[in-house]
>>> print(open('input.cif').read())   # mmCIF, C-alpha atoms and all ligand atoms
data_work
loop_
_atom_site.label_atom_id
_atom_site.label_comp_id
_atom_site.auth_asym_id
_atom_site.auth_seq_id
_atom_site.Cartn_x
_atom_site.Cartn_y
_atom_site.Cartn_z
CA MET A 1 13.08 7.77 -4.96
CA ALA A 2 13.51 4.75 -2.73
CA ILE A 3 11.86 1.40 -3.24
CA GLU A 4 9.73 0.82 -0.13
CA ARG A 5 7.22 -1.68 1.19
CA THR A 6 3.94 -0.75 2.82
CA PHE A 7 1.16 -2.72 4.46
CA SER A 8 -2.38 -2.61 3.07
CA ILE A 9 -5.72 -3.98 4.21
CA ILE A 10 -8.76 -4.30 1.99
CA LYS A 11 -11.37 -3.90 4.74
CA PRO A 12 -14.59 -5.89 5.34
CA ASP A 13 -16.89 -3.33 3.68
CA ALA A 14 -14.91 -3.81 0.46
CA THR A 15 -14.57 -7.61 0.56
CA ALA A 16 -18.34 -7.82 1.21
CA ARG A 17 -18.93 -6.02 -2.09
CA ASP A 18 -16.34 -8.13 -3.98
CA LEU A 19 -14.12 -5.13 -4.61
CA THR A 20 -10.78 -6.93 -4.11
CA GLY A 21 -10.08 -7.17 -7.83
CA ALA A 22 -11.10 -3.58 -8.58
CA ILE A 23 -8.95 -2.24 -5.73
CA ASN A 24 -6.01 -4.42 -6.77
CA ALA A 25 -6.30 -3.08 -10.33
CA THR A 26 -6.13 0.47 -8.95
CA ILE A 27 -3.06 -0.45 -6.90
CA GLU A 28 -1.26 -2.06 -9.84
CA THR A 29 -2.21 0.73 -12.25
CA ALA A 30 -0.62 3.19 -9.80
CA GLY A 31 2.67 1.30 -10.12
CA LEU A 32 2.60 -0.58 -6.83
CA ARG A 33 3.36 -4.31 -6.95
CA ILE A 34 1.42 -6.69 -4.67
CA VAL A 35 4.30 -8.80 -3.30
CA ALA A 36 2.24 -10.65 -0.64
CA GLN A 37 -1.48 -11.14 -0.14
CA LYS A 38 -3.89 -13.31 1.85
CA ARG A 39 -7.53 -13.25 2.84
CA VAL A 40 -8.08 -13.67 6.58
CA ARG A 41 -10.68 -13.05 9.26
CA MET A 42 -9.06 -10.83 11.89
CA THR A 43 -9.62 -11.85 15.48
CA ARG A 44 -10.61 -9.27 18.06
CA GLU A 45 -7.11 -9.54 19.56
CA GLN A 46 -5.45 -8.96 16.18
CA ALA A 47 -7.60 -5.89 15.48
CA GLU A 48 -6.99 -4.45 18.96
CA THR A 49 -3.23 -4.93 18.55
CA PHE A 50 -3.26 -3.54 15.03
CA TYR A 51 -5.10 -0.34 15.98
CA ALA A 52 -3.65 -0.07 19.55
CA VAL A 53 -2.60 3.54 18.86
CA HIS A 54 -6.31 4.43 18.76
CA ARG A 55 -7.24 2.57 21.98
CA GLN A 56 -8.30 5.74 23.82
CA ARG A 57 -10.32 7.18 20.94
CA PRO A 58 -14.14 7.19 21.17
CA PHE A 59 -14.46 5.18 17.94
CA PHE A 60 -12.11 2.35 19.02
CA GLY A 61 -14.85 -0.18 19.85
CA GLU A 62 -16.64 0.52 16.58
CA LEU A 63 -13.33 0.26 14.70
CA VAL A 64 -12.51 -3.17 16.17
CA ALA A 65 -16.08 -4.39 15.53
CA THR A 66 -15.94 -3.21 11.92
CA MET A 67 -12.53 -4.75 11.23
CA THR A 68 -13.65 -8.13 12.59
CA SER A 69 -17.08 -8.11 10.93
CA GLY A 70 -15.95 -10.04 7.85
CA PRO A 71 -12.91 -11.14 5.87
CA VAL A 72 -10.10 -8.76 5.03
CA VAL A 73 -7.33 -9.03 2.46
CA VAL A 74 -3.94 -8.17 3.94
CA GLN A 75 -1.21 -7.20 1.52
CA VAL A 76 2.35 -6.00 1.17
CA LEU A 77 2.81 -3.42 -1.59
CA GLU A 78 6.21 -2.55 -3.06
CA GLY A 79 7.29 0.37 -5.20
CA ASN A 80 8.83 3.82 -5.38
CA ASN A 81 7.91 5.76 -2.25
CA ALA A 82 5.27 3.09 -1.60
CA ILE A 83 4.14 4.40 1.82
CA ALA A 84 3.25 7.91 0.66
CA ALA A 85 2.18 6.74 -2.80
CA TYR A 86 -0.40 4.36 -1.33
CA ARG A 87 -1.67 6.97 1.16
CA ASP A 88 -2.21 9.30 -1.82
CA LEU A 89 -3.98 6.56 -3.76
CA MET A 90 -6.23 5.72 -0.77
CA GLY A 91 -7.40 9.30 -0.26
CA ALA A 92 -8.55 11.01 2.94
CA THR A 93 -9.84 8.95 5.89
CA ASP A 94 -13.29 10.49 5.43
CA PRO A 95 -14.45 9.61 1.90
CA ALA A 96 -16.42 12.86 1.74
CA LYS A 97 -13.06 14.63 1.83
CA ALA A 98 -11.19 12.23 -0.47
CA ALA A 99 -9.88 13.48 -3.82
CA PRO A 100 -11.45 12.27 -7.08
CA GLY A 101 -9.99 9.00 -8.36
CA THR A 102 -8.79 7.81 -4.95
CA ILE A 103 -9.87 4.38 -3.65
CA ARG A 104 -11.85 5.89 -0.78
CA LYS A 105 -13.61 8.38 -3.06
CA LEU A 106 -14.48 5.57 -5.47
CA TYR A 107 -15.53 2.89 -2.99
CA ALA A 108 -15.70 3.91 0.70
CA LYS A 109 -19.10 4.06 2.39
CA SER A 110 -18.22 6.23 5.40
CA ILE A 111 -15.33 7.22 7.68
CA GLY A 112 -15.82 3.96 9.60
CA GLU A 113 -16.22 1.80 6.50
CA ASN A 114 -13.53 3.31 4.36
CA SER A 115 -12.48 0.24 2.34
CA VAL A 116 -8.69 0.30 2.80
CA HIS A 117 -5.87 0.79 5.27
CA GLY A 118 -2.32 1.83 4.46
CA SER A 119 0.69 2.27 6.75
CA ASP A 120 1.42 5.88 7.69
CA ALA A 121 5.22 5.72 8.17
CA ALA A 122 8.28 3.52 7.64
CA ASP A 123 8.34 2.20 11.22
CA THR A 124 4.62 1.34 11.29
CA ALA A 125 4.94 -0.35 7.88
CA VAL A 126 7.61 -2.69 9.26
CA GLN A 127 5.54 -3.48 12.38
CA GLU A 128 2.31 -4.03 10.48
CA ILE A 129 3.89 -6.28 7.84
CA ALA A 130 5.47 -8.37 10.62
CA GLN A 131 2.09 -8.78 12.36
CA PHE A 132 0.66 -10.64 9.36
CA PHE A 133 3.49 -12.00 7.17
CA SER A 134 6.66 -13.99 7.68
CA GLY A 135 9.63 -13.24 5.45
CA ASN A 136 9.18 -16.17 3.08
CA GLU A 137 5.56 -15.16 2.34
CA ILE A 138 6.76 -11.93 0.71
CA VAL A 139 8.09 -12.39 -2.80
CA GLY A 140 9.25 -9.23 -4.56
P1 LIG A 201 -6.13 3.57 8.44
O1 LIG A 201 -5.23 3.57 9.67
O2 LIG A 201 -7.26 2.58 8.53
O3 LIG A 201 -5.32 3.48 7.18
P2 LIG A 201 -6.22 6.44 8.46
O4 LIG A 201 -4.75 6.36 8.75
O5 LIG A 201 -6.64 7.23 7.27
O6 LIG A 201 -6.85 5.00 8.33
P3 LIG A 201 -6.66 6.81 11.29
O7 LIG A 201 -6.72 8.15 11.92
O8 LIG A 201 -5.44 5.99 11.49
O9 LIG A 201 -6.99 7.01 9.72
O10 LIG A 201 -7.95 5.99 11.78
C1 LIG A 201 -7.98 4.58 11.67
C2 LIG A 201 -9.36 4.17 11.23
O11 LIG A 201 -10.28 4.46 12.28
C3 LIG A 201 -9.89 4.91 10.01
O12 LIG A 201 -9.53 4.32 8.79
C4 LIG A 201 -11.39 4.82 10.22
O13 LIG A 201 -11.93 3.61 9.70
C5 LIG A 201 -11.53 4.83 11.73
N1 LIG A 201 -11.88 6.16 12.17
C6 LIG A 201 -11.07 7.24 12.23
N2 LIG A 201 -11.73 8.32 12.68
C7 LIG A 201 -13.00 7.92 12.90
C8 LIG A 201 -14.19 8.56 13.36
N3 LIG A 201 -14.19 9.85 13.69
N4 LIG A 201 -15.31 7.80 13.44
C9 LIG A 201 -15.31 6.50 13.12
N5 LIG A 201 -14.23 5.82 12.68
C10 LIG A 201 -13.10 6.53 12.56
MG MG A 202 -3.97 5.13 10.28
#
>>> encode(input="input.cif", output="structure tokens")
Amino acid sequence: MAIERTFSIIKPDATARDLTGAINATIETAGLRIVAQKRVRMTREQAETFYAVHRQRPFFGELVATMTSGPVVVQVLEGNNAIAAYRDLMGATDPAKAAPGTIRKLYAKSIGENSVHGSDAADTAVQEIAQFFSGNEIVG
């Protein structure tokens, strides 16, 4: 198994409920190391760029509004197979369909307020990390 890095966001619904520590404990318990982290308020432009792949989807406006509604915690996670491992730990996009023990099953409120984001592939992980972190902010 390869050591990888993936990009994570603890979304506004989770920061509003002070779940950063609980989610980070889940991440670390799963064997992923948090090698960069900061709390930021995403601008509309940042959210639109970040989710540009969904621009034509009917939920895009709601998605951008939700992501800019409060602070987020952006992170870089490192570990074995980190991209797939974190997607497994997050659970399905819709918390009603998420497996027991996953972050979304434990904490998400709805498909739109689903507590966390994780990169879906190696190329998107690289792009997403670069949108929020410079090299010297990531310490493995
Ligand atoms: P993310 O990219 O945030 O990690 P994901 O990869 O599981 O989530 P995507 O299909 O990339 O799911 O959708 C991006 C985000 O858009 C979802 O996390 C969710 O918050 C929102 N979203 C997706 N589908 C819907 C929908 N049908 N209604 C409302 N919001 C949705
Ligand atoms: Mg996605």
>>> residues_near_ligand(input="input.cif", ligand="ligand MG 202 (chain A)", cutoff="9 Å", atoms="all atoms listed in the file", output="ChimeraX atom specification")
/A:51,53-54,93,117-120
>>> axis_aligned_box(input="input.cif", around="ligand LIG 201 (chain A)", padding_each_side="4 Å", output="lines of an AutoDock Vina configuration file")
center_x = -10.0
center_y = 6.2
center_z = 10.4
size_x = 18.6
size_y = 15.3
size_z = 14.5
>>> closest_atom_pairs(input="input.cif", of="chain A", to="ligand LIG 201 (chain A)", cutoff="9 Å", atoms="all atoms listed in the file", output="tab-separated table")
residue	atom	partner	partner_atom	distance
A:Ser8	CA	A:LIG201	O3	7.9
A:Ile9	CA	A:LIG201	O2	8.0
A:Lys11	CA	A:LIG201	O2	8.6
A:Tyr51	CA	A:LIG201	C1	7.1
A:Val53	CA	A:LIG201	O8	8.3
A:His54	CA	A:LIG201	C1	7.3
A:Arg57	CA	A:LIG201	N2	8.5
A:Pro58	CA	A:LIG201	N4	7.8
A:Phe59	CA	A:LIG201	C9	5.1
A:Phe60	CA	A:LIG201	O11	7.3
A:Glu62	CA	A:LIG201	N5	7.0
A:Leu63	CA	A:LIG201	O11	5.7
A:Val64	CA	A:LIG201	O11	8.8
A:Thr66	CA	A:LIG201	O13	8.2
A:Met67	CA	A:LIG201	O13	8.5
A:Arg87	CA	A:LIG201	O3	7.9
A:Met90	CA	A:LIG201	O5	8.2
A:Gly91	CA	A:LIG201	O5	7.8
A:Ala92	CA	A:LIG201	O5	6.1
A:Thr93	CA	A:LIG201	O5	3.9
A:Asp94	CA	A:LIG201	O5	7.6
A:Ser110	CA	A:LIG201	O13	8.1
A:Ile111	CA	A:LIG201	C4	5.3
A:Gly112	CA	A:LIG201	O13	3.9
A:Glu113	CA	A:LIG201	O13	5.6
A:Asn114	CA	A:LIG201	O13	5.6
A:Ser115	CA	A:LIG201	O13	8.1
A:Val116	CA	A:LIG201	O2	6.3
A:His117	CA	A:LIG201	O3	3.3
A:Gly118	CA	A:LIG201	O3	4.4
A:Ser119	CA	A:LIG201	O3	6.1
A:Asp120	CA	A:LIG201	O4	6.3
>>> write_last_selection(input="input.cif", atoms="C-alpha atoms", output="short mmCIF file (atom, residue, chain, number, x, y, z; two decimals), in the coordinates of the input")
data_model
loop_
_atom_site.label_atom_id
_atom_site.label_comp_id
_atom_site.auth_asym_id
_atom_site.auth_seq_id
_atom_site.Cartn_x
_atom_site.Cartn_y
_atom_site.Cartn_z
CA SER A 8 -2.38 -2.61 3.07
CA ILE A 9 -5.72 -3.98 4.21
CA LYS A 11 -11.37 -3.90 4.74
CA TYR A 51 -5.10 -0.34 15.98
CA VAL A 53 -2.60 3.54 18.86
CA HIS A 54 -6.31 4.43 18.76
CA ARG A 57 -10.32 7.18 20.94
CA PRO A 58 -14.14 7.19 21.17
CA PHE A 59 -14.46 5.18 17.94
CA PHE A 60 -12.11 2.35 19.02
CA GLU A 62 -16.64 0.52 16.58
CA LEU A 63 -13.33 0.26 14.70
CA VAL A 64 -12.51 -3.17 16.17
CA THR A 66 -15.94 -3.21 11.92
CA MET A 67 -12.53 -4.75 11.23
CA ARG A 87 -1.67 6.97 1.16
CA MET A 90 -6.23 5.72 -0.77
CA GLY A 91 -7.40 9.30 -0.26
CA ALA A 92 -8.55 11.01 2.94
CA THR A 93 -9.84 8.95 5.89
CA ASP A 94 -13.29 10.49 5.43
CA SER A 110 -18.22 6.23 5.40
CA ILE A 111 -15.33 7.22 7.68
CA GLY A 112 -15.82 3.96 9.60
CA GLU A 113 -16.22 1.80 6.50
CA ASN A 114 -13.53 3.31 4.36
CA SER A 115 -12.48 0.24 2.34
CA VAL A 116 -8.69 0.30 2.80
CA HIS A 117 -5.87 0.79 5.27
CA GLY A 118 -2.32 1.83 4.46
CA SER A 119 0.69 2.27 6.75
CA ASP A 120 1.42 5.88 7.69
#
>>> closest_residue(input="input.cif", among="A:Ile83, A:Arg5, A:Thr68, A:Leu19", to="A:Leu106", atoms="only C-alpha atoms")
A:Leu19
>>> residues_near_point(input="input.cif", point="(3.6, -13.7, 0.6)", cutoff="12 Å", atoms="all atoms listed in the file", output="list of chain:residue names")
A:Phe7, A:Ile34, A:Val35, A:Ala36, A:Gln37, A:Lys38, A:Arg39, A:Val74, A:Gln75, A:Val76, A:Leu77, A:Ile129, A:Ala130, A:Phe132, A:Phe133, A:Ser134, A:Gly135, A:Asn136, A:Glu137, A:Ile138, A:Val139, A:Gly140
>>> closest_residue(input="input.cif", among="A:Gly70, A:Gly61, A:Gly79, A:Pro100", to="A:Met1", atoms="only C-alpha atoms")
A:Gly79
>>> residues_around(input="input.cif", residues="A:Glu78", least_positions_apart="6", cutoff="6 Å", atoms="all atoms listed in the file", output="ChimeraX atom specification")
/A:4-5,32-33
>>> atom_distance(input="input.cif", atom1="atom CA of A:Gly31", atom2="atom CA of A:Tyr86")
9.8 Å
>>> atom_distance(input="input.cif", atom1="atom CA of A:Arg41", atom2="atom CA of A:Ala16")
12.3 Å
>>> closest_residue(input="input.cif", among="A:Val40, A:Ala125, A:Ile27, A:Val72", to="A:Asp88", atoms="all atoms listed in the file")
A:Ile27
>>> atom_distance(input="input.cif", atom1="atom CA of A:Ile10", atom2="atom CA of A:Ile23")
8.0 Å
>>> closest_residue(input="input.cif", among="A:Ala82, A:Ala108, A:Ala122, A:Ile3", to="A:Arg17", atoms="all atoms listed in the file")
A:Ala108
>>> closest_residue(input="input.cif", among="A:Ala47, A:Thr15, A:Ala30, A:Arg55", to="A:Gln131", atoms="all atoms listed in the file")
A:Ala47
>>> decode(input="input.cif", residues="stretch 15-84 of chain A", atoms="C-alpha atoms", output="tab-separated table (two decimals), in the first residue's frame")
chain	number	residue	atom	x	y	z
A	15	THR	CA	-17.85	23.34	12.99
A	16	ALA	CA	-21.13	24.94	14.16
A	17	ARG	CA	-21.65	21.97	16.49
A	18	ASP	CA	-18.00	21.97	17.70
A	19	LEU	CA	-17.34	18.56	16.17
A	20	THR	CA	-13.78	19.30	14.95
A	21	GLY	CA	-12.16	17.40	17.81
A	22	ALA	CA	-14.51	14.41	17.57
A	23	ILE	CA	-13.99	14.15	13.80
A	24	ASN	CA	-10.22	14.52	14.18
A	25	ALA	CA	-10.22	11.71	16.76
A	26	THR	CA	-12.05	9.49	14.26
A	27	ILE	CA	-9.51	10.38	11.57
A	28	GLU	CA	-6.51	9.66	13.80
A	29	THR	CA	-8.02	6.45	15.18
A	30	ALA	CA	-8.39	5.25	11.59
A	31	GLY	CA	-4.63	5.65	11.11
A	32	LEU	CA	-4.63	8.87	9.11
A	33	ARG	CA	-2.24	11.61	10.23
A	34	ILE	CA	-3.35	15.27	10.05
A	35	VAL	CA	-0.26	16.83	8.44
A	36	ALA	CA	-1.81	20.28	7.81
A	37	GLN	CA	-4.88	22.02	9.18
A	38	LYS	CA	-6.42	25.49	9.37
A	39	ARG	CA	-9.79	27.01	10.11
A	40	VAL	CA	-10.99	29.42	7.41
A	41	ARG	CA	-14.14	31.03	6.10
A	42	MET	CA	-14.43	30.10	2.42
A	43	THR	CA	-15.32	32.92	0.07
A	44	ARG	CA	-17.98	32.43	-2.56
A	45	GLU	CA	-15.23	32.40	-5.22
A	46	GLN	CA	-13.26	29.72	-3.36
A	47	ALA	CA	-16.34	27.51	-2.96
A	48	GLU	CA	-17.34	27.94	-6.62
A	49	THR	CA	-13.81	27.02	-7.73
A	50	PHE	CA	-13.61	24.11	-5.32
A	51	TYR	CA	-16.89	22.54	-6.47
A	52	ALA	CA	-16.65	23.71	-10.14
A	53	VAL	CA	-17.25	20.14	-11.33
A	54	HIS	CA	-20.80	20.45	-9.97
A	55	ARG	CA	-21.53	23.86	-11.55
A	56	GLN	CA	-24.34	22.54	-13.76
A	57	ARG	CA	-26.03	20.50	-11.03
A	58	PRO	CA	-29.34	21.73	-9.57
A	59	PHE	CA	-27.90	21.80	-6.04
A	60	PHE	CA	-24.86	23.96	-6.92
A	61	GLY	CA	-26.23	27.23	-5.50
A	62	GLU	CA	-27.27	25.52	-2.28
A	63	LEU	CA	-23.87	23.81	-2.07
A	64	VAL	CA	-21.95	27.09	-2.39
A	65	ALA	CA	-24.27	28.80	0.12
A	66	THR	CA	-23.82	25.96	2.61
A	67	MET	CA	-20.03	25.86	2.26
A	68	THR	CA	-19.76	29.62	2.85
A	69	SER	CA	-22.29	29.76	5.71
A	70	GLY	CA	-19.68	29.43	8.45
A	71	PRO	CA	-16.10	28.42	9.18
A	72	VAL	CA	-14.60	25.25	7.79
A	73	VAL	CA	-11.48	23.35	8.81
A	74	VAL	CA	-9.34	22.41	5.80
A	75	GLN	CA	-6.87	19.59	6.27
A	76	VAL	CA	-4.31	17.41	4.58
A	77	LEU	CA	-4.42	13.78	5.72
A	78	GLU	CA	-1.57	11.33	5.15
A	79	GLY	CA	-1.47	7.56	5.39
A	80	ASN	CA	-1.70	4.23	3.62
A	81	ASN	CA	-4.15	4.52	0.73
A	82	ALA	CA	-5.33	7.78	2.30
A	83	ILE	CA	-7.73	8.80	-0.50
A	84	ALA	CA	-9.83	5.62	-0.44
